Structures are given as structure tokens and as C-alpha cells.
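Q: Following this message is one structure expressed as C-alpha cells.
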Amino acid sequence: MRSTRIAIPATLLGVLALPAAPAAAAVSAAPASAPVTALAERPCERPGPWVIGTKAVTIRSKTTTKSTAVGVLYKGHKFTVHKSSGNWHYITDRTTGVKGWVSGTYVYRDVRICLD
């Protein structure tokens with residue numbers, strides 16, 4: 001069973017966290033010199049580490065399910081993504097050292113959200 005993830009923009013989360021106030025007061029409260037990129041530099045808004053969304057994923061020699069299986073990437077294994085091609089990622093399993101392609105259906109970036 002696959003879980004559904006919902007992406008919520010940080011600006012919308014900020015609006016939801018603010019108490020109800022008149023619009024004019026909210027506009028004047030924001031500093032005019034605040035950099036636009038300040039929010040993107042916060043560590044909780046950068047993409048998180050790569051994670052496995054199932055118990056195990058087959059590591060393949062090419063970007064197709066019909067190619068030769070070269071290994072298995074289990075949940076909890078540490079791995080590095082070197083490049084992506086479509087919905088496939090070329091990885092190195094740091095636990096076993098196996099290199100190959102895994103489907104992006106089961107491997108994805110963890111998303112973190114700041115609530116402060």
C-alpha cells in the first residue's frame with residue numbers, strides 16, 4: 001500500500017499559523033528589507049535525505065524493470081543518489097557497496113516542514 005504525500009507551500013503554512021488580524025496590520029508588521037531567500041535557506045525547508053518508501057527495492061543494471069537485478073536496497077540502508085534519469089535514480093548502497101538503478105516510485109526525498 002502506498003502512502004500519499006501532500007506538499008504545502010511554506011507561505012501557506014505561515015498564513016495558517018498567524019492569528020486572525022486585520023490585513024493592514026499584517027502588511028505593516030513585515031520588514032521591508034527582509035530577503036526573499038531567507039526562508040529557503042532554513043534547514044527544515046531544504047529537501048531532506050533520500051529514503052525508501054517500502055520494505056525493499058531491487059537495484060537494477062539499467063533503467064527498466066526487465067533489466068538484470070544486481071542487488072536489493074532494504075529499508076534502513078544508507079545510500080547515495082548520484083544522478084536521476086526520468087523516474088529512475090542511480091545509487092550506491094553504502095551498506096553493501098552495490099551500484100545501480102532504482103525506481104523513483106519507491107525511493108524519494110524526505111520533506112521537512114518548519115512550524116515555528
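Simple scheme: letters A, B, ... for chains in C-alpha cells order, numbers from 1 for residues in each chain, numbers from 1 for ligands in the order shown.
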Could you list, as a list in words, every residue within 9 Å of region 67-73 of chain A, counting only C-alpha atoms and ignoring same-chain residues fewer than 5 positions away?
A: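 These residues fall inside the cut-off: Ile52, Lys55, Ala56, Val57, Thr58, Ile59, Arg60, Ser61, Lys62, Lys78, Phe79, Asp93, Thr96, Val98, Lys99, Gly100 and Val102 of chain A.
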Q: Write out, as a PDB file, in the first residue's frame, the residues just selected, with C-alpha atoms.
A:
```pdb
ATOM      1  CA  ILE A  52      12.997   4.076   0.925  1.00  0.00           C
ATOM      2  CA  LYS A  55      10.474  -2.837   2.699  1.00  0.00           C
ATOM      3  CA  ALA A  56      12.922  -3.428  -0.154  1.00  0.00           C
ATOM      4  CA  VAL A  57      13.747  -2.147  -3.642  1.00  0.00           C
ATOM      5  CA  THR A  58      15.538  -4.079  -6.380  1.00  0.00           C
ATOM      6  CA  ILE A  59      18.733  -2.448  -7.653  1.00  0.00           C
ATOM      7  CA  ARG A  60      18.919  -2.899 -11.434  1.00  0.00           C
ATOM      8  CA  SER A  61      21.694  -2.660 -14.035  1.00  0.00           C
ATOM      9  CA  LYS A  62      19.610  -0.388 -16.329  1.00  0.00           C
ATOM     10  CA  LYS A  78      22.107   4.237   3.760  1.00  0.00           C
ATOM     11  CA  PHE A  79      22.535   5.107   0.092  1.00  0.00           C
ATOM     12  CA  ASP A  93      24.168   1.329  -1.380  1.00  0.00           C
ATOM     13  CA  THR A  96      26.876  -3.220   0.640  1.00  0.00           C
ATOM     14  CA  VAL A  98      26.334  -2.141  -4.776  1.00  0.00           C
ATOM     15  CA  LYS A  99      25.749   0.453  -7.533  1.00  0.00           C
ATOM     16  CA  GLY A 100      22.784   0.512  -9.886  1.00  0.00           C
ATOM     17  CA  VAL A 102      16.294   2.046  -8.514  1.00  0.00           C
TER      18      VAL A 102
END
```
